[in-house]
>>> print(open('entry27.pdb').read())   # PDB, C-alpha atoms (C1' of nucleotides)
ATOM      1  CA  MET J1204      -1.312   8.087  -5.631
ATOM      2  CA  LEU J1205       2.287   9.063  -5.184
ATOM      3  CA  SER J1206       3.840   8.198  -1.856
ATOM      4  CA  GLN J1207       4.823  11.012   0.461
ATOM      5  CA  ARG J1208       8.418  10.169  -0.416
ATOM      6  CA  GLY J1209       7.676  10.661  -4.067
ATOM      7  CA  ARG J1210       5.962  13.965  -3.552
ATOM      8  CA  TYR J1211       8.768  15.190  -1.323
ATOM      9  CA  ALA J1212      11.306  14.088  -3.901
ATOM     10  CA  LEU J1213       9.585  16.139  -6.573
ATOM     11  CA  LYS J1214       9.443  19.144  -4.317
ATOM     12  CA  ALA J1215      13.075  18.855  -3.285
ATOM     13  CA  LEU J1216      14.244  18.454  -6.854
ATOM     14  CA  THR J1217      12.230  21.362  -8.186
ATOM     15  CA  HIS J1218      13.727  23.326  -5.339
ATOM     16  CA  LEU J1219      17.208  22.323  -6.498
ATOM     17  CA  ALA J1220      16.285  23.139 -10.065
ATOM     18  CA  ARG J1221      15.535  26.686  -9.017
ATOM     19  CA  ALA J1222      19.027  27.204  -7.610
ATOM     20  CA  PRO J1223      21.605  28.710  -9.978
ATOM     21  CA  GLU J1224      23.166  25.885 -11.952
ATOM     22  CA  GLY J1225      25.902  24.068 -10.048
ATOM     23  CA  GLU J1226      25.172  25.710  -6.717
ATOM     24  CA  THR J1227      24.706  23.346  -3.808
ATOM     25  CA  ARG J1228      21.735  23.400  -1.490
ATOM     26  CA  GLN J1229      21.625  21.849   1.961
ATOM     27  CA  VAL J1230      19.061  19.392   3.161
ATOM     28  CA  ILE J1231      18.172  21.571   6.103
ATOM     29  CA  GLY J1232      17.396  24.526   3.899
ATOM     30  CA  ILE J1233      15.238  22.507   1.544
ATOM     31  CA  ALA J1234      13.501  20.806   4.437
ATOM     32  CA  GLU J1235      12.575  24.115   6.002
ATOM     33  CA  ALA J1236      11.533  25.792   2.796
ATOM     34  CA  GLU J1237       9.411  22.873   1.640
ATOM     35  CA  ASN J1238       8.096  21.723   4.987
ATOM     36  CA  ILE J1239       9.650  18.291   4.878
ATOM     37  CA  PRO J1240      10.943  16.489   7.984
ATOM     38  CA  ARG J1241      14.713  16.874   7.830
ATOM     39  CA  LYS J1242      15.770  13.327   8.583
ATOM     40  CA  PHE J1243      13.208  11.941   6.215
ATOM     41  CA  LEU J1244      14.410  14.198   3.452
ATOM     42  CA  GLU J1245      17.945  13.001   4.102
ATOM     43  CA  ALA J1246      16.778   9.468   3.414
ATOM     44  CA  ILE J1247      15.035  10.571   0.258
ATOM     45  CA  MET J1248      18.110  12.387  -0.998
ATOM     46  CA  THR J1249      20.039   9.159  -0.553
ATOM     47  CA  ASP J1250      17.558   7.430  -2.839
ATOM     48  CA  LEU J1251      17.884  10.195  -5.373
ATOM     49  CA  ARG J1252      21.639   9.947  -5.206
ATOM     50  CA  ASN J1253      21.474   6.199  -5.767
ATOM     51  CA  ALA J1254      19.230   6.882  -8.721
ATOM     52  CA  GLU J1255      21.881   9.280  -9.994
ATOM     53  CA  LEU J1256      19.559  12.219 -10.138
ATOM     54  CA  VAL J1257      21.517  14.186  -7.602
ATOM     55  CA  VAL J1258      25.126  14.493  -6.430
ATOM     56  CA  GLY J1259      25.971  15.055  -2.799
ATOM     57  CA  THR J1260      29.150  16.549  -1.378
ATOM     58  CA  ARG J1261      30.010  16.176   2.288
ATOM     59  CA  GLY J1262      31.545  18.440   4.808
ATOM     60  CA  LYS J1263      31.232  22.107   5.391
ATOM     61  CA  ASN J1264      29.624  23.959   2.515
ATOM     62  CA  GLY J1265      28.503  20.612   1.200
ATOM     63  CA  GLY J1266      25.040  19.860  -0.040
ATOM     64  CA  TYR J1267      23.283  18.607  -3.127
ATOM     65  CA  VAL J1268      23.240  19.551  -6.783
ATOM     66  CA  LEU J1269      21.293  18.055  -9.664
ATOM     67  CA  ALA J1270      23.353  15.360 -11.329
ATOM     68  CA  ARG J1271      22.420  16.618 -14.799
ATOM     69  CA  ARG J1272      20.997  19.736 -16.305
ATOM     70  CA  ALA J1273      17.462  20.416 -15.162
ATOM     71  CA  GLU J1274      16.253  20.238 -18.759
ATOM     72  CA  THR J1275      17.169  16.560 -18.904
ATOM     73  CA  ILE J1276      15.602  15.365 -15.660
ATOM     74  CA  MET J1277      12.027  14.391 -16.261
ATOM     75  CA  PHE J1278       9.227  13.965 -13.758
ATOM     76  CA  GLY J1279       8.832  10.424 -15.027
ATOM     77  CA  ASP J1280      12.429   9.619 -14.079
ATOM     78  CA  ILE J1281      11.931  10.872 -10.565
ATOM     79  CA  ILE J1282       8.667   9.106  -9.940
ATOM     80  CA  ARG J1283       9.995   5.853 -11.308
ATOM     81  CA  ALA J1284      13.076   6.130  -9.109
ATOM     82  CA  ILE J1285      11.076   6.634  -5.942
ATOM     83  CA  ASP J1286       7.674   5.066  -6.485
ATOM     84  CA  GLY J1287       8.220   2.654  -9.339
ATOM     85  CA  PRO J1288       6.162   2.263 -12.500
ATOM     86  CA  LEU J1289       3.921   4.954 -13.938
ATOM     87  CA  ALA J1290       1.616   2.275 -15.299
ATOM     88  CA  MET J1291      -1.426   1.166 -13.349
ATOM     89  CA  VAL J1292      -0.854  -2.492 -14.142
ATOM     90  CA  PRO J1293       2.516  -4.216 -14.366
ATOM     91  CA  CYS J1294       1.811  -5.783 -17.751
ATOM     92  CA  VAL J1295       1.782  -2.441 -19.559
ATOM     93  CA  SER J1296       4.830  -0.964 -17.923
ATOM     94  CA  LYS J1297       7.701  -0.501 -20.344
ATOM     95  CA  LEU J1298      10.493  -0.267 -17.776
ATOM     96  CA  PHE J1299       9.061  -2.509 -15.054
ATOM     97  CA  TYR J1300       7.161  -4.975 -17.196
ATOM     98  CA  LYS J1301       5.820  -7.993 -15.387
ATOM     99  CA  ARG J1302       3.106 -10.328 -16.476
ATOM    100  CA  CYS J1303       0.089 -10.481 -14.165
ATOM    101  CA  ASP J1304       0.294 -13.934 -12.613
ATOM    102  CA  ASP J1305      -3.423 -14.518 -13.016
ATOM    103  CA  CYS J1306      -3.393 -13.544 -16.664
ATOM    104  CA  VAL J1307      -4.814 -16.012 -19.130
ATOM    105  CA  ASP J1308      -4.222 -14.257 -22.438
ATOM    106  CA  GLU J1309      -2.394 -10.975 -22.350
ATOM    107  CA  ASP J1310      -3.252  -9.926 -25.886
ATOM    108  CA  ALA J1311      -6.943 -10.536 -25.330
ATOM    109  CA  CYS J1312      -7.099  -8.629 -22.058
ATOM    110  CA  ALA J1313      -9.431  -5.648 -22.310
ATOM    111  CA  ILE J1314      -8.107  -4.090 -19.130
ATOM    112  CA  ARG J1315      -4.596  -4.243 -20.467
ATOM    113  CA  GLN J1316      -5.556  -2.408 -23.631
ATOM    114  CA  ILE J1317      -7.250   0.360 -21.731
ATOM    115  CA  MET J1318      -4.444   0.653 -19.217
ATOM    116  CA  ALA J1319      -1.924   0.812 -22.013
ATOM    117  CA  SER J1320      -3.560   3.929 -23.348
ATOM    118  CA  VAL J1321      -3.574   5.438 -19.879
ATOM    119  CA  ARG J1322       0.090   4.691 -19.517
ATOM    120  CA  ASP J1323       0.818   6.359 -22.831
ATOM    121  CA  GLU J1324      -0.983   9.542 -21.877
ATOM    122  CA  VAL J1325       0.664   9.713 -18.480
ATOM    123  CA  SER J1326       4.057   9.132 -19.982
ATOM    124  CA  ALA J1327       3.376  11.735 -22.642
ATOM    125  CA  ILE J1328       3.162  14.276 -19.871
ATOM    126  CA  LEU J1329       5.559  13.073 -17.220
ATOM    127  CA  ASP J1330       8.336  11.989 -19.540
ATOM    128  CA  LYS J1331       8.195  15.288 -21.372
ATOM    129  CA  THR J1332       8.035  17.572 -18.369
ATOM    130  CA  SER J1333      11.452  18.450 -16.994
ATOM    131  CA  LEU J1334      12.545  19.995 -13.752
ATOM    132  CA  ALA J1335      13.519  23.049 -15.724
ATOM    133  CA  GLN J1336       9.961  23.509 -16.890
ATOM    134  CA  ALA J1337       8.649  22.926 -13.398
ATOM    135  CA  ALA J1338      11.084  25.424 -11.961
ATOM    136  CA  LEU J1339       9.698  28.099 -14.262
ATOM    137  CA  LEU J1340       6.066  27.317 -13.607
ATOM    138  CA  ALA J1341       5.694  29.170 -10.334
ATOM    139  CA  ALA J1342       7.825  30.285  -7.448
ATOM    140  CA  SER J1343       6.922  28.328  -4.343
TER     141      SER J1343
ATOM    142  CA  MET H 261      -0.205   0.990  -9.576
ATOM    143  CA  LEU H 262      -3.603  -0.520  -9.003
ATOM    144  CA  SER H 263      -3.874  -2.907  -6.107
ATOM    145  CA  GLN H 264      -4.530  -6.529  -6.833
ATOM    146  CA  ARG H 265      -8.040  -5.925  -5.492
ATOM    147  CA  GLY H 266      -8.532  -3.182  -8.025
ATOM    148  CA  ARG H 267      -7.326  -5.258 -10.901
ATOM    149  CA  TYR H 268      -9.477  -8.199  -9.833
ATOM    150  CA  ALA H 269     -12.466  -5.906  -9.523
ATOM    151  CA  LEU H 270     -12.019  -4.698 -13.083
ATOM    152  CA  LYS H 271     -11.688  -8.238 -14.334
ATOM    153  CA  ALA H 272     -14.720  -9.455 -12.436
ATOM    154  CA  LEU H 273     -16.865  -6.580 -13.608
ATOM    155  CA  THR H 274     -15.858  -6.915 -17.248
ATOM    156  CA  HIS H 275     -16.703 -10.556 -16.855
ATOM    157  CA  LEU H 276     -20.157  -9.601 -15.579
ATOM    158  CA  ALA H 277     -20.521  -7.102 -18.377
ATOM    159  CA  ARG H 278     -20.093  -9.887 -20.882
ATOM    160  CA  ALA H 279     -22.997 -11.876 -19.473
ATOM    161  CA  PRO H 280     -26.395 -11.291 -21.108
ATOM    162  CA  GLU H 281     -28.004  -8.329 -19.416
ATOM    163  CA  GLY H 282     -29.670  -9.176 -16.119
ATOM    164  CA  GLU H 283     -28.241 -12.688 -15.908
ATOM    165  CA  THR H 284     -26.516 -13.539 -12.642
ATOM    166  CA  ARG H 285     -23.030 -14.947 -12.406
ATOM    167  CA  GLN H 286     -21.615 -16.741  -9.396
ATOM    168  CA  VAL H 287     -18.424 -15.841  -7.627
ATOM    169  CA  ILE H 288     -17.045 -19.302  -8.092
ATOM    170  CA  GLY H 289     -17.487 -19.165 -11.833
ATOM    171  CA  ILE H 290     -15.858 -15.768 -12.134
ATOM    172  CA  ALA H 291     -13.049 -16.812  -9.826
ATOM    173  CA  GLU H 292     -12.259 -19.841 -11.927
ATOM    174  CA  ALA H 293     -12.553 -18.099 -15.258
ATOM    175  CA  GLU H 294     -10.431 -15.145 -14.221
ATOM    176  CA  ASN H 295      -7.961 -16.925 -11.967
ATOM    177  CA  ILE H 296      -8.883 -15.075  -8.806
ATOM    178  CA  PRO H 297      -8.846 -16.703  -5.335
ATOM    179  CA  ARG H 298     -12.486 -17.398  -4.552
ATOM    180  CA  LYS H 299     -12.651 -16.085  -1.002
ATOM    181  CA  PHE H 300     -10.746 -12.989  -1.953
ATOM    182  CA  LEU H 301     -13.119 -12.313  -4.812
ATOM    183  CA  GLU H 302     -16.045 -12.694  -2.409
ATOM    184  CA  ALA H 303     -14.580  -9.878  -0.322
ATOM    185  CA  ILE H 304     -14.095  -7.746  -3.399
ATOM    186  CA  MET H 305     -17.664  -8.309  -4.539
ATOM    187  CA  THR H 306     -18.801  -7.071  -1.121
ATOM    188  CA  ASP H 307     -16.889  -3.855  -1.723
ATOM    189  CA  LEU H 308     -18.447  -3.514  -5.136
ATOM    190  CA  ARG H 309     -21.872  -4.088  -3.685
ATOM    191  CA  ASN H 310     -21.274  -1.422  -1.052
ATOM    192  CA  ALA H 311     -20.200   0.883  -3.844
ATOM    193  CA  GLU H 312     -23.473   0.047  -5.584
ATOM    194  CA  LEU H 313     -21.808  -1.172  -8.706
ATOM    195  CA  VAL H 314     -23.198  -4.650  -8.338
ATOM    196  CA  VAL H 315     -26.246  -6.333  -6.852
ATOM    197  CA  GLY H 316     -26.020  -9.687  -5.142
ATOM    198  CA  THR H 317     -28.801 -12.176  -4.613
ATOM    199  CA  ARG H 318     -28.457 -14.971  -2.115
ATOM    200  CA  GLY H 319     -29.513 -18.547  -2.088
ATOM    201  CA  LYS H 320     -29.626 -21.134  -4.785
ATOM    202  CA  ASN H 321     -29.281 -19.670  -8.268
ATOM    203  CA  GLY H 322     -28.063 -16.500  -6.654
ATOM    204  CA  GLY H 323     -25.077 -14.533  -7.779
ATOM    205  CA  TYR H 324     -24.188 -11.084  -8.963
ATOM    206  CA  VAL H 325     -25.434  -8.697 -11.641
ATOM    207  CA  LEU H 326     -24.267  -5.230 -12.556
ATOM    208  CA  ALA H 327     -26.258  -2.653 -10.651
ATOM    209  CA  ARG H 328     -26.670  -0.474 -13.745
ATOM    210  CA  ARG H 329     -26.330  -0.894 -17.474
ATOM    211  CA  ALA H 330     -22.747  -1.643 -18.496
ATOM    212  CA  GLU H 331     -22.692   1.508 -20.621
ATOM    213  CA  THR H 332     -23.017   3.627 -17.485
ATOM    214  CA  ILE H 333     -20.344   2.008 -15.339
ATOM    215  CA  MET H 334     -17.015   3.626 -15.992
ATOM    216  CA  PHE H 335     -13.540   2.336 -15.226
ATOM    217  CA  GLY H 336     -12.992   5.453 -13.192
ATOM    218  CA  ASP H 337     -15.934   4.611 -10.934
ATOM    219  CA  ILE H 338     -14.595   1.162 -10.247
ATOM    220  CA  ILE H 339     -11.051   2.218  -9.543
ATOM    221  CA  ARG H 340     -12.184   4.994  -7.241
ATOM    222  CA  ALA H 341     -14.432   2.580  -5.360
ATOM    223  CA  ILE H 342     -11.662   0.100  -4.724
ATOM    224  CA  ASP H 343      -8.369   1.978  -4.832
ATOM    225  CA  GLY H 344      -9.378   5.559  -4.231
ATOM    226  CA  PRO H 345      -8.379   8.646  -6.201
ATOM    227  CA  LEU H 346      -7.168   8.581  -9.781
ATOM    228  CA  ALA H 347      -4.997  11.591  -9.073
ATOM    229  CA  MET H 348      -1.360  11.179  -8.121
ATOM    230  CA  VAL H 349      -1.558  13.851  -5.419
ATOM    231  CA  PRO H 350      -4.511  14.497  -3.125
ATOM    232  CA  CYS H 351      -4.642  18.209  -3.861
ATOM    233  CA  VAL H 352      -5.710  17.707  -7.474
ATOM    234  CA  SER H 353      -8.298  15.036  -6.855
ATOM    235  CA  LYS H 354     -11.790  16.221  -7.605
ATOM    236  CA  LEU H 355     -13.664  13.612  -5.589
ATOM    237  CA  PHE H 356     -11.121  12.979  -2.836
ATOM    238  CA  TYR H 357      -9.610  16.423  -2.559
ATOM    239  CA  LYS H 358      -7.315  16.980   0.377
ATOM    240  CA  ARG H 359      -4.727  19.642   0.832
ATOM    241  CA  CYS H 360      -1.162  18.396   1.220
ATOM    242  CA  ASP H 361      -0.313  19.127   4.838
ATOM    243  CA  ASP H 362       3.140  20.392   3.946
ATOM    244  CA  CYS H 363       1.818  22.721   1.280
ATOM    245  CA  VAL H 364       2.792  26.357   1.515
ATOM    246  CA  ASP H 365       0.923  27.861  -1.406
ATOM    247  CA  GLU H 366      -1.290  25.588  -3.422
ATOM    248  CA  ASP H 367      -1.760  27.903  -6.365
ATOM    249  CA  ALA H 368       1.953  28.430  -6.728
ATOM    250  CA  CYS H 369       2.829  24.743  -6.600
ATOM    251  CA  ALA H 370       4.435  23.576  -9.816
ATOM    252  CA  ILE H 371       3.936  19.949  -9.001
ATOM    253  CA  ARG H 372       0.266  20.519  -8.484
ATOM    254  CA  GLN H 373      -0.123  22.113 -11.885
ATOM    255  CA  ILE H 374       1.618  19.269 -13.629
ATOM    256  CA  MET H 375      -0.266  16.642 -11.693
ATOM    257  CA  ALA H 376      -3.523  18.352 -12.493
ATOM    258  CA  SER H 377      -2.909  17.862 -16.182
ATOM    259  CA  VAL H 378      -2.067  14.220 -15.563
ATOM    260  CA  ARG H 379      -5.269  13.794 -13.631
ATOM    261  CA  ASP H 380      -7.239  15.337 -16.482
ATOM    262  CA  GLU H 381      -5.775  13.014 -19.066
ATOM    263  CA  VAL H 382      -6.284   9.945 -16.941
ATOM    264  CA  SER H 383      -9.844  10.925 -16.200
ATOM    265  CA  ALA H 384     -10.460  11.646 -19.867
ATOM    266  CA  ILE H 385      -9.821   7.983 -20.527
ATOM    267  CA  LEU H 386     -11.055   6.189 -17.439
ATOM    268  CA  ASP H 387     -14.199   8.213 -16.931
ATOM    269  CA  LYS H 388     -15.162   7.768 -20.572
ATOM    270  CA  THR H 389     -14.457   4.072 -20.855
ATOM    271  CA  SER H 390     -17.370   1.926 -19.777
ATOM    272  CA  LEU H 391     -17.644  -1.728 -18.971
ATOM    273  CA  ALA H 392     -19.674  -2.108 -22.125
ATOM    274  CA  GLN H 393     -16.775  -0.869 -24.216
ATOM    275  CA  ALA H 394     -14.372  -3.100 -22.331
ATOM    276  CA  ALA H 395     -16.602  -6.096 -22.817
ATOM    277  CA  LEU H 396     -16.469  -5.620 -26.564
ATOM    278  CA  LEU H 397     -12.721  -5.110 -26.733
ATOM    279  CA  ALA H 398     -11.685  -8.733 -26.642
ATOM    280  CA  ALA H 399     -12.970 -12.032 -25.386
ATOM    281  CA  SER H 400     -10.884 -13.180 -22.436
TER     282      SER H 400
ATOM    283  C1'  DC G 207     -39.307 -29.517   5.541
ATOM    284  C1'  DT G 208     -34.893 -30.806   4.087
ATOM    285  C1'  DT G 209     -31.173 -30.370   1.063
ATOM    286  C1'  DT G 210     -28.325 -27.638  -1.558
ATOM    287  C1'  DA G 211     -26.141 -23.713  -3.305
ATOM    288  C1'  DA G 212     -25.307 -19.392  -3.099
ATOM    289  C1'  DT G 213     -24.233 -14.703  -0.725
ATOM    290  C1'  DC G 214     -23.027 -12.495   3.443
ATOM    291  C1'  DC G 215     -20.659 -11.594   7.847
ATOM    292  C1'  DT G 216     -16.919 -11.616  11.280
ATOM    293  C1'  DA G 217     -12.614 -12.522  12.478
ATOM    294  C1'  DT G 218      -7.901 -13.555  11.861
ATOM    295  C1'  DC G 219      -3.189 -13.869   9.813
ATOM    296  C1'  DT G 220       1.184 -12.668   7.693
ATOM    297  C1'  DA G 221       4.178  -9.884   5.081
ATOM    298  C1'  DT G 222       5.195  -5.634   3.136
ATOM    299  C1'  DT G 223       5.249  -0.868   2.766
ATOM    300  C1'  DT G 224       5.104   3.696   4.554
ATOM    301  C1'  DA G 225       6.542   7.380   7.144
ATOM    302  C1'  DG G 226       9.278   8.448   9.874
ATOM    303  C1'  DT G 227      13.200   8.848  14.080
ATOM    304  C1'  DA G 228      17.832   8.211  16.457
ATOM    305  C1'  DG G 229      22.526   8.344  16.777
ATOM    306  C1'  DG G 230      26.625   8.696  15.200
ATOM    307  C1'  DA G 231      30.627   7.943  11.537
ATOM    308  C1'  DA G 232      32.955  10.128   7.670
ATOM    309  C1'  DT G 233      34.405  14.080   5.349
ATOM    310  C1'  DA G 234      35.796  18.560   4.195
ATOM    311  C1'  DA G 235      36.277  23.657   4.864
ATOM    312  C1'  DG G 236      38.105  27.281   7.576
TER     313       DG G 236
ATOM    314  C1'  DC I 828      40.535  21.477  15.885
ATOM    315  C1'  DT I 829      35.994  23.050  15.220
ATOM    316  C1'  DT I 830      32.075  23.087  12.672
ATOM    317  C1'  DA I 831      28.866  21.776   9.279
ATOM    318  C1'  DT I 832      27.531  18.861   6.278
ATOM    319  C1'  DT I 833      26.430  14.203   4.021
ATOM    320  C1'  DC I 834      26.266   9.417   4.803
ATOM    321  C1'  DC I 835      25.314   4.975   7.110
ATOM    322  C1'  DT I 836      22.953   1.677  10.147
ATOM    323  C1'  DA I 837      19.399   0.547  12.781
ATOM    324  C1'  DC I 838      14.973   0.871  14.662
ATOM    325  C1'  DT I 839       9.860   1.678  15.341
ATOM    326  C1'  DA I 840       4.859   2.204  14.805
ATOM    327  C1'  DA I 841       1.054   2.221  11.959
ATOM    328  C1'  DA I 842      -1.281   1.179   7.964
ATOM    329  C1'  DT I 843      -2.195  -1.534   3.874
ATOM    330  C1'  DA I 844      -2.305  -5.585   1.030
ATOM    331  C1'  DG I 845      -3.489  -9.990   0.113
ATOM    332  C1'  DA I 846      -5.424 -13.149   1.498
ATOM    333  C1'  DT I 847      -7.870 -17.437   4.525
ATOM    334  C1'  DA I 848     -11.347 -19.710   7.788
ATOM    335  C1'  DG I 849     -15.630 -20.757   9.433
ATOM    336  C1'  DG I 850     -20.025 -20.322   9.658
ATOM    337  C1'  DA I 851     -24.735 -17.562   9.479
ATOM    338  C1'  DT I 852     -28.324 -16.374   6.316
ATOM    339  C1'  DT I 853     -31.213 -16.846   2.477
ATOM    340  C1'  DA I 854     -33.737 -18.885  -1.171
ATOM    341  C1'  DA I 855     -34.825 -22.364  -4.664
ATOM    342  C1'  DA I 856     -35.981 -27.059  -5.588
ATOM    343  C1'  DG I 857     -37.149 -31.630  -4.395
TER     344       DG I 857
END
>>> encode(input="entry27.pdb", output="structure tokens")
Amino acid sequence: MLSQRGRYALKALTHLARAPEGETRQVIGIAEAENIPRKFLEAIMTDLRNAELVVGTRGKNGGYVLARRAETIMFGDIIRAIDGPLAMVPCVSKLFYKRCDDCVDEDACAIRQIMASVRDEVSAILDKTSLAQAALLAAS
Amino acid sequence: MLSQRGRYALKALTHLARAPEGETRQVIGIAEAENIPRKFLEAIMTDLRNAELVVGTRGKNGGYVLARRAETIMFGDIIRAIDGPLAMVPCVSKLFYKRCDDCVDEDACAIRQIMASVRDEVSAILDKTSLAQAALLAAS
DNA sequence: CTTTAATCCTATCTATTTAGTAGGAATAAG
DNA sequence: CTTATTCCTACTAAATAGATAGGATTAAAG
């Protein structure tokens, strides 16, 4: 399961993706619209900024904008930034690869082979679905 | 990601699935073969017994056997028993459904629609892959 | 009936992660 | 100078993860 943070991040970013390109949105507005605790969302936006998915500007009339065009920000990017690997086991993750410490023979591991195919299917969806597509899907 | 428990459970059960049908295997043997801490594996086997995936018999020459034929025990069953839902968000889980408490309109939620397709793909693999298939895949 | 080998049960421990909250500093517009 | 925003630091409480310890229970075999 995604963490609450991850789910909130997706919601906040789809919210941003629905704003006219380049227009800033404030945390408080997003928080209210999406039912996210304000201070918590602030923390999440910081993570998203560090992940370079979002750009924040301070001061009056400040707020957040997507760091790139919504077409180029994929669900996979967001989830990885907040919750880590898409893969169910570390040894099949492409971007967070780590050998299982109890592993005897990685190539002979049945679980690994099955989990690799899961990872591929998940990635086929999440790395090909952009915020732009999500923004069109339905108006929340 | 799966928890360590979940991964160990899969390993232990594939190990059992490779034993001749009906033959018991002891925790200590599995633990050594699969590099799992013995006491921890004991606790996991208890979970699997409670989930009725495995039957334990006590006393000398005791041990564990699969509760059903390996063809009928799916990866999805095991993961759900140990780690919970396959779905990435509670509101698309079929067996653990729960509405997101911050949700405004479930049907209009873009994230939900995308995550539903992920869930379907994951389930298409994990609920169709049995221990029997895994046991054949490779000898660990 | 005693030994031995196994599961089973209860309890405990430590570290990490999760889901926040609090309070204020920095910045920028008007 | 006021106001509205992000940004930064720190803190907390609860749950989860990943075990470990010690012994009770059961059953086979001698």
>>> closest_atom_pairs(input="entry27.pdb", of="chain J", to="chain G", cutoff="6 Å", atoms="all atoms listed in the file", output="Markdown table")
| residue | atom | partner | partner_atom | distance |
| --- | --- | --- | --- | --- |
| J:Arg1261 | CA | G:DT233 | C1' | 5.8 |
| J:Gly1262 | CA | G:DA234 | C1' | 4.3 |
| J:Lys1263 | CA | G:DA235 | C1' | 5.3 |
>>> interface_residues(input="entry27.pdb", of="chain J", to="chain H", cutoff="8 Å", atoms="only C-alpha atoms", output="PyMOL selection string")
chain J and resi 1204-1205+1210+1213-1214+1237-1239+1288-1293+1305-1308+1311-1314+1317+1320-1321+1324-1325+1328-1329+1337-1338+1340-1343
>>> resolve_selection(input="entry27.pdb", expression="the PyMOL selection byres ((chain H and resi 325) around 6)", output="JSON list (two decimals) with C-alpha atoms, keeping the file's coordinate frame")
[["chain", "number", "residue", "atom", "x", "y", "z"],
["H", 284, "THR", "CA", -26.52, -13.54, -12.64],
["H", 314, "VAL", "CA", -23.20, -4.65, -8.34],
["H", 315, "VAL", "CA", -26.25, -6.33, -6.85],
["H", 324, "TYR", "CA", -24.19, -11.08, -8.96],
["H", 326, "LEU", "CA", -24.27, -5.23, -12.56]]
>>> atom_distance(input="entry27.pdb", atom1="CA of Phe1299 (chain J)", atom2="CA of Ser1333 (chain J)")
21.2 Å
>>> resolve_selection(input="entry27.pdb", expression="the PyMOL selection byres ((chain H and resi 323) around 6)", output="list of chain:residue names")
H:Thr284, H:Arg285, H:Gln286, H:Gly316, H:Thr317, H:Gly322, H:Tyr324
>>> closest_atom_pairs(input="entry27.pdb", of="chain I", to="chain J", cutoff="7 Å", atoms="all atoms listed in the file", output="tab-separated table")
residue	atom	partner	partner_atom	distance
I:DA831	C1'	J:Lys1263	CA	4.6
I:DT832	C1'	J:Gly1262	CA	4.3
I:DT833	C1'	J:Arg1261	CA	4.4
>>> atom_distance(input="entry27.pdb", atom1="CA of Met334 (chain H)", atom2="CA of Asp387 (chain H)")
5.5 Å
>>> atom_distance(input="entry27.pdb", atom1="CA of Gly336 (chain H)", atom2="CA of Arg278 (chain H)")
18.6 Å
>>> closest_residue(input="entry27.pdb", among="I:DC828, I:DA855, I:DA840, I:DA846", to="Leu301 (chain H)", atoms="all atoms listed in the file")
I:DA846
